[in-house]
Amino acid sequence: LEVKSLNEMLEDLAEFVTAEAERSGVQIRLGLSSGLAPFSFDVDLVRQVFQNLVQNACQAMNPAGGGELILKTDRVERDGVEYAIGEVIDTGPGIEADKLERVFELYYSTREGGTGYGLAISRRIIEEHGGFIEVQSAKGKGSQFSVYLPIERNET
């Protein structure tokens with residue numbers, strides 16, 4: 001673990017995927033909170049999580065019609081714990097309610113040819129950081145994956 005900026009990591013990731021996303025008609029927007037200070041996390045593993053979420057979002061959006069991908073950060077308190085929250089929001093087709101509860105299951109995929117590894121591994125990485133991932137989706141409107149990372153970790 002090292003003290004890093006989640007905002008900088010997401011800016012770098014956005015820069016890395018922009019050219020490919022734009023070829024598919026996907027516009028990337030950033031909404032990064034200036035109030036989110038650097039904190040301790042494994043930057044390589046957390047980058048892997050967001051890279052997976054961004055890739056899934058881009059694949060979900062119709063390449064012909066494109067869409068919008070928004071990366072946001074904020075700072076929130078839940079149950080007395082301060083979290084950095086990173087969100088990946090897309091304007092894709094959304095995920096049906098009956099499939100939504102299964103998206104983090106190992107080997108489960110809603111995509112043809114999908115392995116079902118990405119979200120299961122992503123959830124495990126975030127849980128090992130002491131955080132969690134939430135998903136909201138509306139059919140025909142898109143999906144939002146919210147990654148919560150504790151800003152201060154209690155080392156035992």
# chains A, B, ... in the order shown; residues from 1 in each chain; ligands from 1
call {"tool": "select_by_dssp", "arguments": {"residues": "range 25-86 of chain A", "states": "strand (DSSP E)", "output": "VMD selection string"}}
result
chain A and resid 26 to 31 39 to 41 67 to 78 81 to 86
call {"tool": "closest_atom_pairs", "arguments": {"of": "range 95-149 of chain A", "to": "range 3-13 of chain A", "cutoff": "12 Å", "atoms": "only C-alpha atoms", "output": "tab-separated table"}}
result
residue	atom	partner	partner_atom	distance
A:Val147	CA	A:Leu6	CA	11.2
A:Tyr148	CA	A:Leu6	CA	11.3
A:Leu149	CA	A:Leu6	CA	9.8
call {"tool": "write_last_selection", "arguments": {"atoms": "all heavy atoms", "output": "PDB file, in the first residue's frame"}}
result
ATOM      1  N   VAL A 147     -17.347   2.296  -6.182  1.00  0.00           N
ATOM      2  CA  VAL A 147     -16.293   1.602  -5.441  1.00  0.00           C
ATOM      3  C   VAL A 147     -15.959   2.425  -4.201  1.00  0.00           C
ATOM      4  O   VAL A 147     -15.563   3.575  -4.312  1.00  0.00           O
ATOM      5  CB  VAL A 147     -15.031   1.440  -6.322  1.00  0.00           C
ATOM      6  CG1 VAL A 147     -13.893   0.812  -5.537  1.00  0.00           C
ATOM      7  CG2 VAL A 147     -15.348   0.638  -7.572  1.00  0.00           C
ATOM      8  N   TYR A 148     -16.134   1.812  -3.036  1.00  0.00           N
ATOM      9  CA  TYR A 148     -15.860   2.484  -1.764  1.00  0.00           C
ATOM     10  C   TYR A 148     -14.554   1.957  -1.183  1.00  0.00           C
ATOM     11  O   TYR A 148     -14.426   0.750  -0.949  1.00  0.00           O
ATOM     12  CB  TYR A 148     -16.991   2.210  -0.761  1.00  0.00           C
ATOM     13  CG  TYR A 148     -18.291   2.885  -1.102  1.00  0.00           C
ATOM     14  CD1 TYR A 148     -19.134   2.357  -2.075  1.00  0.00           C
ATOM     15  CD2 TYR A 148     -18.686   4.042  -0.445  1.00  0.00           C
ATOM     16  CE1 TYR A 148     -20.336   2.971  -2.388  1.00  0.00           C
ATOM     17  CE2 TYR A 148     -19.893   4.668  -0.749  1.00  0.00           C
ATOM     18  CZ  TYR A 148     -20.707   4.120  -1.729  1.00  0.00           C
ATOM     19  OH  TYR A 148     -21.891   4.728  -2.035  1.00  0.00           O
ATOM     20  N   LEU A 149     -13.605   2.862  -0.957  1.00  0.00           N
ATOM     21  CA  LEU A 149     -12.323   2.509  -0.358  1.00  0.00           C
ATOM     22  C   LEU A 149     -12.155   3.290   0.939  1.00  0.00           C
ATOM     23  O   LEU A 149     -12.293   4.526   0.927  1.00  0.00           O
ATOM     24  CB  LEU A 149     -11.176   2.850  -1.308  1.00  0.00           C
ATOM     25  CG  LEU A 149     -11.083   2.018  -2.576  1.00  0.00           C
ATOM     26  CD1 LEU A 149     -10.200   2.703  -3.602  1.00  0.00           C
ATOM     27  CD2 LEU A 149     -10.542   0.638  -2.240  1.00  0.00           C
TER      28      LEU A 149
END
call {"tool": "residues_around", "arguments": {"residues": "range 109-126 of chain A", "least_positions_apart": "5", "cutoff": "12 Å", "atoms": "only C-alpha atoms", "output": "NGL selection string"}}
result
:A and (41-57 or 59-61 or 83-86 or 93-104 or 131-135 or 145-150)
call {"tool": "select_by_dssp", "arguments": {"residues": "range 11-151 of chain A", "states": "helix (DSSP H, G or I)", "output": "PyMOL selection string"}}
result
chain A and resi 11-23+43-60+97-100+118-128
call {"tool": "closest_residue", "arguments": {"among": "A:Asp74, A:Glu105, A:Glu2, A:Glu82", "to": "Gly35 in chain A", "atoms": "only C-alpha atoms"}}
result
A:Asp74
call {"tool": "atom_distance", "arguments": {"atom1": "CA of Lys72 in chain A", "atom2": "CA of Ser24 in chain A"}}
result
21.1 Å
call {"tool": "closest_residue", "arguments": {"among": "A:Ala138, A:Ile28, A:Ala14, A:Leu1", "to": "Gly92 in chain A", "atoms": "only C-alpha atoms"}}
result
A:Ala138
call {"tool": "closest_residue", "arguments": {"among": "A:Lys141, A:Ile151, A:Glu15, A:Tyr107", "to": "Val76 in chain A", "atoms": "only C-alpha atoms"}}
result
A:Ile151
call {"tool": "closest_residue", "arguments": {"among": "A:Ala19, A:Leu36, A:Ile89, A:Cys58", "to": "Ile70 in chain A", "atoms": "only C-alpha atoms"}}
result
A:Ile89
call {"tool": "atom_distance", "arguments": {"atom1": "CA of Gln144 in chain A", "atom2": "CA of Asp90 in chain A"}}
result
6.5 Å
call {"tool": "closest_residue", "arguments": {"among": "A:Val81, A:Tyr108, A:Glu87, A:Gly142", "to": "Gly130 in chain A", "atoms": "only C-alpha atoms"}}
result
A:Val81
call {"tool": "closest_residue", "arguments": {"among": "A:Ala37, A:Phe16, A:Ser143, A:Val26", "to": "Leu69 in chain A", "atoms": "only C-alpha atoms"}}
result
A:Val26
call {"tool": "atom_distance", "arguments": {"atom1": "CA of Lys139 in chain A", "atom2": "CA of Gln27 in chain A"}}
result
20.2 Å
call {"tool": "decode", "arguments": {"residues": "range 118-151 of chain A", "atoms": "N, CA and C atoms", "output": "compact mmCIF listing (two decimals), in the first residue's frame"}}
result
# COMPACT_ATOMS: atom_id res chain seq x y z
N GLY A 118 -13.92 -10.85 -14.18
CA GLY A 118 -13.61 -9.45 -13.91
C GLY A 118 -14.26 -8.85 -12.68
N LEU A 119 -15.58 -8.93 -12.59
CA LEU A 119 -16.27 -8.30 -11.46
C LEU A 119 -16.06 -9.09 -10.16
N ALA A 120 -15.95 -10.40 -10.26
CA ALA A 120 -15.70 -11.21 -9.06
C ALA A 120 -14.33 -10.86 -8.46
N ILE A 121 -13.33 -10.77 -9.32
CA ILE A 121 -11.98 -10.41 -8.86
C ILE A 121 -11.97 -8.97 -8.36
N SER A 122 -12.65 -8.08 -9.06
CA SER A 122 -12.71 -6.67 -8.64
C SER A 122 -13.31 -6.55 -7.24
N ARG A 123 -14.40 -7.25 -7.00
CA ARG A 123 -15.03 -7.17 -5.68
C ARG A 123 -14.07 -7.68 -4.60
N ARG A 124 -13.37 -8.77 -4.90
CA ARG A 124 -12.44 -9.31 -3.91
C ARG A 124 -11.31 -8.32 -3.60
N ILE A 125 -10.76 -7.67 -4.62
CA ILE A 125 -9.69 -6.69 -4.42
C ILE A 125 -10.17 -5.56 -3.51
N ILE A 126 -11.36 -5.06 -3.78
CA ILE A 126 -11.89 -3.94 -2.99
C ILE A 126 -12.20 -4.39 -1.56
N GLU A 127 -12.75 -5.59 -1.41
CA GLU A 127 -13.02 -6.11 -0.06
C GLU A 127 -11.73 -6.31 0.72
N GLU A 128 -10.65 -6.72 0.05
CA GLU A 128 -9.36 -6.88 0.73
C GLU A 128 -8.79 -5.53 1.16
N HIS A 129 -9.24 -4.46 0.54
CA HIS A 129 -8.87 -3.10 0.96
C HIS A 129 -9.77 -2.60 2.10
N GLY A 130 -10.75 -3.41 2.50
CA GLY A 130 -11.68 -2.98 3.54
C GLY A 130 -12.87 -2.22 3.00
N GLY A 131 -13.06 -2.26 1.68
CA GLY A 131 -14.14 -1.51 1.04
C GLY A 131 -15.20 -2.44 0.44
N PHE A 132 -16.01 -1.87 -0.44
CA PHE A 132 -17.07 -2.64 -1.09
C PHE A 132 -17.46 -1.95 -2.40
N ILE A 133 -18.17 -2.70 -3.25
CA ILE A 133 -18.66 -2.17 -4.53
C ILE A 133 -20.18 -2.29 -4.54
N GLU A 134 -20.84 -1.24 -5.01
CA GLU A 134 -22.29 -1.26 -5.20
C GLU A 134 -22.57 -1.03 -6.68
N VAL A 135 -23.68 -1.58 -7.15
CA VAL A 135 -24.07 -1.37 -8.54
C VAL A 135 -25.55 -0.96 -8.58
N GLN A 136 -25.83 -0.02 -9.45
CA GLN A 136 -27.21 0.38 -9.75
C GLN A 136 -27.33 0.37 -11.26
N SER A 137 -28.46 -0.06 -11.75
CA SER A 137 -28.65 -0.10 -13.19
C SER A 137 -30.13 0.02 -13.52
N ALA A 138 -30.40 0.68 -14.62
CA ALA A 138 -31.77 0.79 -15.12
C ALA A 138 -31.76 0.38 -16.58
N LYS A 139 -32.60 -0.58 -16.91
CA LYS A 139 -32.67 -1.07 -18.29
C LYS A 139 -32.94 0.10 -19.24
N GLY A 140 -32.09 0.22 -20.25
CA GLY A 140 -32.24 1.28 -21.24
C GLY A 140 -31.64 2.63 -20.84
N LYS A 141 -31.13 2.73 -19.62
CA LYS A 141 -30.57 4.01 -19.16
C LYS A 141 -29.09 3.93 -18.81
N GLY A 142 -28.61 2.77 -18.41
CA GLY A 142 -27.19 2.63 -18.08
C GLY A 142 -26.96 2.05 -16.71
N SER A 143 -25.68 2.03 -16.33
CA SER A 143 -25.27 1.43 -15.06
C SER A 143 -24.30 2.33 -14.33
N GLN A 144 -24.27 2.15 -13.02
CA GLN A 144 -23.33 2.89 -12.18
C GLN A 144 -22.71 1.92 -11.18
N PHE A 145 -21.39 1.81 -11.25
CA PHE A 145 -20.64 1.00 -10.28
C PHE A 145 -19.92 1.97 -9.35
N SER A 146 -20.15 1.82 -8.05
CA SER A 146 -19.56 2.69 -7.04
C SER A 146 -18.61 1.87 -6.19
N VAL A 147 -17.35 2.30 -6.18
CA VAL A 147 -16.29 1.60 -5.44
C VAL A 147 -15.96 2.43 -4.20
N TYR A 148 -16.13 1.81 -3.04
CA TYR A 148 -15.86 2.48 -1.76
C TYR A 148 -14.55 1.96 -1.18
N LEU A 149 -13.60 2.86 -0.96
CA LEU A 149 -12.32 2.51 -0.36
C LEU A 149 -12.15 3.29 0.94
N PRO A 150 -11.87 2.62 2.05
CA PRO A 150 -11.70 3.35 3.31
C PRO A 150 -10.48 4.27 3.22
N ILE A 151 -10.65 5.50 3.68
CA ILE A 151 -9.55 6.47 3.62
C ILE A 151 -8.51 6.16 4.70
